[in-house]
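work04.cif (mmCIF, C-alpha atoms and all ligand atoms)
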data_input
#
loop_
_atom_site.label_atom_id
_atom_site.label_comp_id
_atom_site.auth_asym_id
_atom_site.auth_seq_id
_atom_site.Cartn_x
_atom_site.Cartn_y
_atom_site.Cartn_z
CA MET Z 298 0.00 0.00 0.00
CA THR Z 299 1.26 3.51 -0.78
CA ARG Z 300 1.34 5.35 2.55
CA SER Z 301 3.21 8.43 1.44
CA ARG Z 302 4.98 9.94 -1.51
CA LYS Z 303 8.25 11.76 -1.64
CA THR Z 304 9.63 13.95 -4.36
CA THR Z 305 13.26 13.89 -5.39
CA GLN Z 306 15.28 15.45 -8.14
CA PRO Z 307 16.98 13.33 -10.77
CA LEU Z 308 20.73 12.93 -10.50
CA VAL Z 309 22.68 14.81 -13.16
CA LYS Z 310 25.85 13.66 -14.87
CA ILE Z 311 27.76 16.03 -17.10
CA CYS Z 312 29.99 13.98 -19.36
CA GLY Z 313 33.15 14.66 -21.33
CA LEU Z 314 34.64 17.44 -19.21
CA ASN Z 315 38.11 18.35 -20.34
CA THR Z 316 39.09 21.71 -18.77
CA LEU Z 317 39.16 23.04 -15.21
CA THR Z 318 36.75 25.82 -16.19
CA VAL Z 319 34.02 23.40 -17.18
CA VAL Z 320 34.68 21.05 -14.26
CA ASP Z 321 34.17 24.05 -11.94
CA ALA Z 322 31.03 25.09 -13.85
CA ALA Z 323 29.49 21.63 -13.50
CA VAL Z 324 30.40 21.24 -9.82
CA ASP Z 325 29.28 24.77 -8.88
CA ALA Z 326 25.98 24.32 -10.73
CA GLY Z 327 25.24 21.18 -8.68
CA ALA Z 328 26.14 18.21 -10.90
CA ASP Z 329 26.06 14.91 -9.01
CA MET Z 330 28.46 13.17 -11.37
CA ILE Z 331 31.11 14.37 -13.80
CA GLY Z 332 32.53 12.24 -16.58
CA PHE Z 333 36.06 12.02 -17.94
CA MET Z 334 36.28 10.37 -21.37
CA PHE Z 335 39.13 7.91 -21.91
CA TYR Z 336 38.19 6.69 -25.39
CA ALA Z 337 40.98 8.01 -27.61
CA ARG Z 338 38.74 8.51 -30.68
CA SER Z 339 36.46 10.90 -28.79
CA ARG Z 340 36.87 14.65 -29.24
CA ARG Z 341 36.44 14.85 -25.48
CA ALA Z 342 39.23 12.42 -24.65
CA VAL Z 343 41.55 13.14 -21.74
CA THR Z 344 44.72 11.38 -20.64
CA PRO Z 345 45.06 9.94 -17.15
CA ASP Z 346 47.38 12.85 -16.26
CA LEU Z 347 44.84 15.45 -17.39
CA ALA Z 348 42.00 13.64 -15.59
CA GLN Z 349 44.08 13.67 -12.42
CA ALA Z 350 44.59 17.42 -12.67
CA LEU Z 351 40.89 17.98 -13.39
CA GLY Z 352 39.56 15.71 -10.69
CA GLU Z 353 41.91 16.00 -7.76
CA GLU Z 354 40.25 18.98 -6.06
CA VAL Z 355 36.70 17.77 -6.64
CA THR Z 356 34.82 16.54 -3.57
CA GLY Z 357 31.23 15.43 -3.05
CA VAL Z 358 30.72 14.68 -6.74
CA THR Z 359 31.10 11.23 -8.31
CA ARG Z 360 33.96 11.25 -10.82
CA VAL Z 361 33.21 8.78 -13.61
CA ALA Z 362 35.73 7.31 -16.07
CA ILE Z 363 34.09 6.49 -19.42
CA VAL Z 364 35.78 3.65 -21.28
CA VAL Z 365 35.04 1.63 -24.41
CA ASP Z 366 36.25 -1.99 -24.31
CA ALA Z 367 39.34 -0.89 -22.37
CA THR Z 368 42.13 -3.34 -21.59
CA ASP Z 369 43.13 -4.15 -18.02
CA ALA Z 370 46.30 -2.08 -18.48
CA GLU Z 371 44.26 0.94 -19.58
CA ILE Z 372 41.89 0.50 -16.64
CA ASP Z 373 44.83 0.27 -14.23
CA ALA Z 374 46.36 3.50 -15.60
CA ILE Z 375 43.02 5.28 -15.22
CA THR Z 376 42.32 4.12 -11.66
CA ALA Z 377 45.94 4.79 -10.61
CA THR Z 378 45.14 8.50 -10.93
CA GLY Z 379 43.19 8.21 -7.67
CA VAL Z 380 40.47 10.53 -9.01
CA ILE Z 381 37.95 7.96 -10.24
CA ASP Z 382 34.91 6.90 -8.20
CA MET Z 383 33.00 4.93 -10.85
CA ILE Z 384 33.72 3.26 -14.20
CA GLN Z 385 31.23 3.67 -17.07
CA VAL Z 386 31.58 0.97 -19.71
CA HIS Z 387 30.28 2.17 -23.07
CA GLY Z 388 31.42 -0.58 -25.41
CA LYS Z 389 30.55 -4.25 -25.83
CA GLU Z 390 31.38 -5.22 -22.24
CA ASP Z 391 29.21 -8.17 -21.13
CA PRO Z 392 28.08 -8.95 -17.56
CA ALA Z 393 31.19 -11.09 -16.95
CA ARG Z 394 33.49 -8.21 -17.94
CA VAL Z 395 31.51 -5.85 -15.72
CA ALA Z 396 32.00 -8.24 -12.79
CA GLU Z 397 35.72 -8.52 -13.60
CA LEU Z 398 36.11 -4.74 -13.62
CA LYS Z 399 34.31 -4.40 -10.32
CA ALA Z 400 36.59 -6.98 -8.73
CA ARG Z 401 39.73 -5.54 -10.31
CA THR Z 402 39.10 -1.91 -9.39
CA GLY Z 403 36.90 -2.14 -6.31
CA LEU Z 404 34.76 0.55 -7.94
CA PRO Z 405 31.09 0.58 -8.94
CA VAL Z 406 30.43 0.07 -12.65
CA MET Z 407 27.79 1.75 -14.80
CA LYS Z 408 26.90 -0.18 -17.97
CA ALA Z 409 25.77 1.92 -20.94
CA LEU Z 410 23.21 0.31 -23.26
CA ARG Z 411 22.67 1.71 -26.73
CA VAL Z 412 19.02 1.85 -27.62
CA ALA Z 413 17.13 1.83 -30.89
CA THR Z 414 14.52 -0.88 -30.23
CA LYS Z 415 12.61 -2.46 -27.35
CA GLU Z 416 14.99 -5.44 -27.61
CA ASP Z 417 17.90 -3.14 -26.70
CA ILE Z 418 16.06 -2.18 -23.51
CA ARG Z 419 15.54 -5.85 -22.65
CA GLU Z 420 19.32 -6.35 -22.73
CA ALA Z 421 19.39 -4.47 -19.43
CA GLU Z 422 18.14 -7.60 -17.65
CA ALA Z 423 21.45 -9.37 -18.24
CA PHE Z 424 23.16 -6.70 -16.14
CA PHE Z 425 20.80 -6.82 -13.14
CA GLY Z 426 22.98 -7.88 -10.23
CA ALA Z 427 26.17 -7.44 -12.27
CA ALA Z 428 26.32 -3.67 -12.81
CA ASP Z 429 25.72 -1.05 -10.12
CA HIS Z 430 24.11 1.45 -12.46
CA LEU Z 431 22.67 1.43 -15.99
CA LEU Z 432 22.62 4.17 -18.61
CA PHE Z 433 20.29 4.13 -21.62
CA ASP Z 434 21.86 6.03 -24.52
CA ALA Z 435 20.88 6.39 -28.17
CA LYS Z 436 22.23 3.90 -30.70
CA ALA Z 437 23.57 5.71 -33.76
CA PRO Z 438 22.22 4.55 -37.14
CA LYS Z 439 24.69 2.31 -39.00
CA ASP Z 440 25.02 4.84 -41.82
CA MET Z 441 25.76 7.86 -39.59
CA LYS Z 442 29.08 9.36 -40.66
CA GLY Z 443 31.63 9.69 -37.85
CA ALA Z 444 29.34 8.06 -35.27
CA LEU Z 445 31.02 6.82 -32.09
CA PRO Z 446 29.68 4.39 -29.47
CA GLY Z 447 28.28 7.41 -27.58
CA GLY Z 448 28.31 11.18 -27.38
CA ASN Z 449 26.58 11.63 -30.75
CA GLY Z 450 23.94 14.10 -29.59
CA LEU Z 451 21.13 11.80 -30.73
CA THR Z 452 17.93 11.11 -28.80
CA PHE Z 453 16.07 7.79 -28.96
CA ASP Z 454 12.36 7.10 -28.72
CA TRP Z 455 11.80 7.57 -24.99
CA THR Z 456 8.50 5.65 -25.12
CA LEU Z 457 10.63 2.50 -25.54
CA LEU Z 458 11.21 2.82 -21.79
CA ASP Z 459 7.46 2.57 -21.09
CA GLY Z 460 6.79 -0.23 -18.62
CA LEU Z 461 10.46 -0.54 -17.68
CA LYS Z 462 10.75 -2.54 -14.47
CA ILE Z 463 14.13 -1.91 -13.02
CA ASP Z 464 15.17 -2.17 -9.42
CA MET Z 465 18.55 -0.50 -9.64
CA PRO Z 466 19.84 3.02 -10.34
CA TRP Z 467 19.66 4.10 -13.98
CA MET Z 468 20.11 7.20 -16.13
CA LEU Z 469 18.66 8.47 -19.37
CA SER Z 470 21.12 9.80 -21.92
CA GLY Z 471 21.39 10.74 -25.58
CA GLY Z 472 20.80 14.17 -27.05
CA LEU Z 473 19.58 15.75 -23.82
CA THR Z 474 19.65 19.56 -23.67
CA ALA Z 475 18.30 22.29 -21.39
CA ASP Z 476 15.33 22.48 -23.76
CA ASN Z 477 14.26 18.82 -23.77
CA VAL Z 478 15.44 17.41 -20.44
CA ALA Z 479 12.34 18.33 -18.41
CA GLU Z 480 10.10 16.62 -20.96
CA ALA Z 481 12.40 13.59 -21.03
CA ILE Z 482 12.18 13.25 -17.25
CA ARG Z 483 8.41 13.74 -17.27
CA LEU Z 484 7.91 11.06 -19.93
CA THR Z 485 10.34 8.45 -18.62
CA GLY Z 486 10.51 9.09 -14.87
CA ALA Z 487 14.29 8.75 -15.19
CA PRO Z 488 15.98 8.98 -11.78
CA GLY Z 489 19.10 10.35 -13.47
CA VAL Z 490 20.07 12.18 -16.65
CA ASP Z 491 23.35 12.47 -18.51
CA THR Z 492 24.46 14.86 -21.21
CA SER Z 493 27.50 15.75 -23.27
CA SER Z 494 26.79 17.29 -26.71
CA GLY Z 495 23.82 19.22 -25.32
CA VAL Z 496 26.07 21.37 -23.13
CA GLU Z 497 28.65 22.16 -25.82
CA ASP Z 498 29.17 25.14 -28.14
CA LYS Z 499 30.74 22.79 -30.67
CA PRO Z 500 31.84 19.15 -30.54
CA GLY Z 501 34.34 18.72 -27.70
CA VAL Z 502 33.98 22.29 -26.40
CA LYS Z 503 31.80 22.48 -23.30
CA SER Z 504 29.96 25.68 -22.45
CA PRO Z 505 29.69 26.81 -18.80
CA GLU Z 506 26.45 28.67 -19.70
CA ARG Z 507 24.88 25.58 -21.26
CA ILE Z 508 25.96 23.45 -18.28
CA ARG Z 509 24.28 25.91 -15.89
CA ALA Z 510 21.14 26.03 -18.03
CA PHE Z 511 20.94 22.22 -18.10
CA LEU Z 512 21.27 21.94 -14.31
CA ALA Z 513 18.70 24.71 -13.83
CA ALA Z 514 16.24 22.90 -16.11
CA VAL Z 515 16.63 19.64 -14.18
CA LYS Z 516 16.27 21.40 -10.83
CA GLN Z 517 12.83 22.58 -11.87
CA THR Z 518 11.67 18.99 -12.26
CA HIS Z 519 10.54 16.63 -9.51
CA LEU Z 520 10.17 12.87 -9.45
CA GLU Z 521 7.37 11.47 -7.36
CA THR Z 522 7.95 8.08 -5.79
CA ALA Z 523 5.68 6.01 -3.58
CA THR Z 524 7.19 5.18 -0.17
O1 LIG Z 601 31.20 11.44 -25.62
C1 LIG Z 601 31.84 10.72 -26.38
O2 LIG Z 601 32.59 11.19 -27.26
C2 LIG Z 601 31.73 9.23 -26.27
C3 LIG Z 601 32.44 8.45 -27.17
C4 LIG Z 601 32.39 7.09 -27.07
C5 LIG Z 601 31.62 6.47 -26.11
C6 LIG Z 601 30.89 7.25 -25.20
C7 LIG Z 601 30.92 8.62 -25.28
N1 LIG Z 601 30.16 9.40 -24.42
C8 LIG Z 601 29.47 8.80 -23.31
C9 LIG Z 601 28.48 9.57 -22.55
O3 LIG Z 601 28.23 9.25 -21.38
C10 LIG Z 601 27.63 10.63 -23.18
O4 LIG Z 601 27.26 11.55 -22.19
C11 LIG Z 601 26.38 9.99 -23.75
O5 LIG Z 601 26.74 9.11 -24.77
C12 LIG Z 601 25.39 11.05 -24.31
O6 LIG Z 601 26.01 11.84 -25.22
P1 LIG Z 601 25.22 13.03 -25.95
O7 LIG Z 601 24.18 12.43 -26.82
O8 LIG Z 601 26.29 13.74 -26.69
O9 LIG Z 601 24.64 13.88 -24.86
#
The structure in this file should be written as structure tokens.
Amino acid sequence: MTRSRKTTQPLVKICGLNTLTVVDAAVDAGADMIGFMFYARSRRAVTPDLAQALGEEVTGVTRVAIVVDATDAEIDAITATGVIDMIQVHGKEDPARVAELKARTGLPVMKALRVATKEDIREAEAFFGAADHLLFDAKAPKDMKGALPGGNGLTFDWTLLDGLKIDMPWMLSGGLTADNVAEAIRLTGAPGVDTSSGVEDKPGVKSPERIRAFLAAVKQTHLETAT
């Protein structure tokens, strides 16, 4: 029986931060998580040394390393920086690899799932109990020029999440901006949202103003949950 309801605000992750100015903008505006991109082909890529410089003064915010099918040696170099609180796997990592990474690093792992169909959403079930967090991102069409495994600024059909039964933390991602994030939260009930392209002036160049606008838009939303 529902005895009471509480309202909360979705968690916000700002991904692909690559300068101190934009790290400060995200933290000051109230981001819950910040993401450092370690996939070399990304325009947002940072080295372990740069991530260390960007993350070392940050407290009270979860610092997430985004990797795509990274080797153990790459993972070790990233975690050796001492500035990573969570690993986000954005490639073809299966539940066994997620478990391996958790054991190897002692850190929570967020598994990103790329979505174009209902079947892609169902893949989440394989990660229940294996991952600590899930992220639903848009799958780029096969013919999209220059598409990467994530960070393409594309939305997916949010109604695919209708009826989602998921008893673990998850985030909505893909093409979210200050203009569409409130609607995305209203339609999906997402307990967390993640953005990269939507807070940039051009690919790879984050905008402090857009970061602040995104956080402000999320702060105006409320999730209602039965307790
Ligand atoms: O951002 C990238 O360049 C990237 C490249 C390869 C794999 C993942 C990548 N980004 C991961 C993220 O968490 C992004 O925030 C997410 O894909 C949403 O991106 P966007 O649609 O640009 O907001």
Report task. Enumerate as a PyMOL selection string the residues within 8 Å of ligand LIG 601 (chain Z), counting all atoms listed in the file. Result -> chain Z and resi 310-313+332+334+336+338-342+363-365+385+387-388+409+434-435+445-452+470-474+491-496+501
Residues just named, written with C-alpha atoms as an mmCIF file, in the coordinates of the input:
data_model
loop_
_atom_site.group_PDB
_atom_site.id
_atom_site.type_symbol
_atom_site.label_atom_id
_atom_site.label_comp_id
_atom_site.auth_asym_id
_atom_site.auth_seq_id
_atom_site.Cartn_x
_atom_site.Cartn_y
_atom_site.Cartn_z
ATOM 1 C CA LYS Z 310 25.850 13.660 -14.870
ATOM 2 C CA ILE Z 311 27.760 16.030 -17.100
ATOM 3 C CA CYS Z 312 29.990 13.980 -19.360
ATOM 4 C CA GLY Z 313 33.150 14.660 -21.330
ATOM 5 C CA GLY Z 332 32.530 12.240 -16.580
ATOM 6 C CA MET Z 334 36.280 10.370 -21.370
ATOM 7 C CA TYR Z 336 38.190 6.690 -25.390
ATOM 8 C CA ARG Z 338 38.740 8.510 -30.680
ATOM 9 C CA SER Z 339 36.460 10.900 -28.790
ATOM 10 C CA ARG Z 340 36.870 14.650 -29.240
ATOM 11 C CA ARG Z 341 36.440 14.850 -25.480
ATOM 12 C CA ALA Z 342 39.230 12.420 -24.650
ATOM 13 C CA ILE Z 363 34.090 6.490 -19.420
ATOM 14 C CA VAL Z 364 35.780 3.650 -21.280
ATOM 15 C CA VAL Z 365 35.040 1.630 -24.410
ATOM 16 C CA GLN Z 385 31.230 3.670 -17.070
ATOM 17 C CA HIS Z 387 30.280 2.170 -23.070
ATOM 18 C CA GLY Z 388 31.420 -0.580 -25.410
ATOM 19 C CA ALA Z 409 25.770 1.920 -20.940
ATOM 20 C CA ASP Z 434 21.860 6.030 -24.520
ATOM 21 C CA ALA Z 435 20.880 6.390 -28.170
ATOM 22 C CA LEU Z 445 31.020 6.820 -32.090
ATOM 23 C CA PRO Z 446 29.680 4.390 -29.470
ATOM 24 C CA GLY Z 447 28.280 7.410 -27.580
ATOM 25 C CA GLY Z 448 28.310 11.180 -27.380
ATOM 26 C CA ASN Z 449 26.580 11.630 -30.750
ATOM 27 C CA GLY Z 450 23.940 14.100 -29.590
ATOM 28 C CA LEU Z 451 21.130 11.800 -30.730
ATOM 29 C CA THR Z 452 17.930 11.110 -28.800
ATOM 30 C CA SER Z 470 21.120 9.800 -21.920
ATOM 31 C CA GLY Z 471 21.390 10.740 -25.580
ATOM 32 C CA GLY Z 472 20.800 14.170 -27.050
ATOM 33 C CA LEU Z 473 19.580 15.750 -23.820
ATOM 34 C CA THR Z 474 19.650 19.560 -23.670
ATOM 35 C CA ASP Z 491 23.350 12.470 -18.510
ATOM 36 C CA THR Z 492 24.460 14.860 -21.210
ATOM 37 C CA SER Z 493 27.500 15.750 -23.270
ATOM 38 C CA SER Z 494 26.790 17.290 -26.710
ATOM 39 C CA GLY Z 495 23.820 19.220 -25.320
ATOM 40 C CA VAL Z 496 26.070 21.370 -23.130
ATOM 41 C CA GLY Z 501 34.340 18.720 -27.700
#
So that each row is one residue of region 374-454 of chain Z with an atom at most 10 Å from region 459-462 of chain Z, can you give its shortest atom pair and the distance in Å to one decimal, using all atoms listed in the file, rows by chain and rising number, as CSV?
residue,atom,partner,partner_atom,distance
Z:Lys415,CA,Z:Asp459,CA,9.5
Z:Ile418,CA,Z:Leu461,CA,8.2
Z:Arg419,CA,Z:Leu461,CA,8.9
Z:Ala421,CA,Z:Leu461,CA,9.9
Z:Glu422,CA,Z:Lys462,CA,9.5
Please check which residues have atoms at most 9 Å from (32.7, -3.8, -15.9) in the file's coordinates, counting all atoms listed in the file, and write them as a PDB file with C-alpha atoms, keeping the file's coordinate frame.
ATOM      1  CA  ILE Z 384      33.720   3.260 -14.200  1.00  0.00           C
ATOM      2  CA  GLN Z 385      31.230   3.670 -17.070  1.00  0.00           C
ATOM      3  CA  VAL Z 386      31.580   0.970 -19.710  1.00  0.00           C
ATOM      4  CA  GLU Z 390      31.380  -5.220 -22.240  1.00  0.00           C
ATOM      5  CA  ASP Z 391      29.210  -8.170 -21.130  1.00  0.00           C
ATOM      6  CA  PRO Z 392      28.080  -8.950 -17.560  1.00  0.00           C
ATOM      7  CA  ALA Z 393      31.190 -11.090 -16.950  1.00  0.00           C
ATOM      8  CA  ARG Z 394      33.490  -8.210 -17.940  1.00  0.00           C
ATOM      9  CA  VAL Z 395      31.510  -5.850 -15.720  1.00  0.00           C
ATOM     10  CA  ALA Z 396      32.000  -8.240 -12.790  1.00  0.00           C
ATOM     11  CA  GLU Z 397      35.720  -8.520 -13.600  1.00  0.00           C
ATOM     12  CA  LEU Z 398      36.110  -4.740 -13.620  1.00  0.00           C
ATOM     13  CA  LYS Z 399      34.310  -4.400 -10.320  1.00  0.00           C
ATOM     14  CA  ALA Z 400      36.590  -6.980  -8.730  1.00  0.00           C
ATOM     15  CA  PRO Z 405      31.090   0.580  -8.940  1.00  0.00           C
ATOM     16  CA  VAL Z 406      30.430   0.070 -12.650  1.00  0.00           C
ATOM     17  CA  MET Z 407      27.790   1.750 -14.800  1.00  0.00           C
ATOM     18  CA  LYS Z 408      26.900  -0.180 -17.970  1.00  0.00           C
ATOM     19  CA  ALA Z 427      26.170  -7.440 -12.270  1.00  0.00           C
ATOM     20  CA  ALA Z 428      26.320  -3.670 -12.810  1.00  0.00           C
TER      21      ALA Z 428
END
Requested in this report: Counting all atoms listed in the file, figure out which residue out of Z:Met330, Z:Ala337, Z:Val358, Z:Ile372 gets nearest to Gly403 (chain Z).
Outcome: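 Using all atoms listed in the file, Gly403 (chain Z) sits closest to Z:Ile372.
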A straight line from CA of Asp454 (chain Z) to CA of Pro438 (chain Z) spans 13.2 Å
Using all atoms listed in the file, which residues sit within 10 Å of region 503-518 of chain Z once same-chain residues fewer than 6 positions away are excluded, as a ChimeraX atom specification?
-> /Z:304-316,318-328,341,473-480,482-483,489-490,492-497
What does the distance between CA of Ile381 (chain Z) and CA of Leu431 (chain Z) come to in Å, to one decimal place?
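Taking CA of Ile381 (chain Z) as the start and CA of Leu431 (chain Z) as the end point, the length is 17.6 Å.
With all atoms listed in the file as the atoms that count, the residue of Z:Gly426, Z:Asp373, Z:Val380, Z:Lys442 with the shortest distance to Thr402 (chain Z) is Z:Asp373.
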- [ ] Tell me which of Z:Thr376, Z:Thr368, Z:Thr485, Z:Thr356 sits closest to Thr344 (chain Z), counting all atoms listed in the file.
- [x]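 Nearest to Thr344 (chain Z): Z:Thr376.
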Of Z:Met383, Z:Leu317, Z:Ala367, Z:Pro466, the one nearest to Gly352 (chain Z) when counting all atoms listed in the file is Z:Leu317
Atom pair CA of Ala348 (chain Z) + CA of Val412 (chain Z), distance 28.5 Å
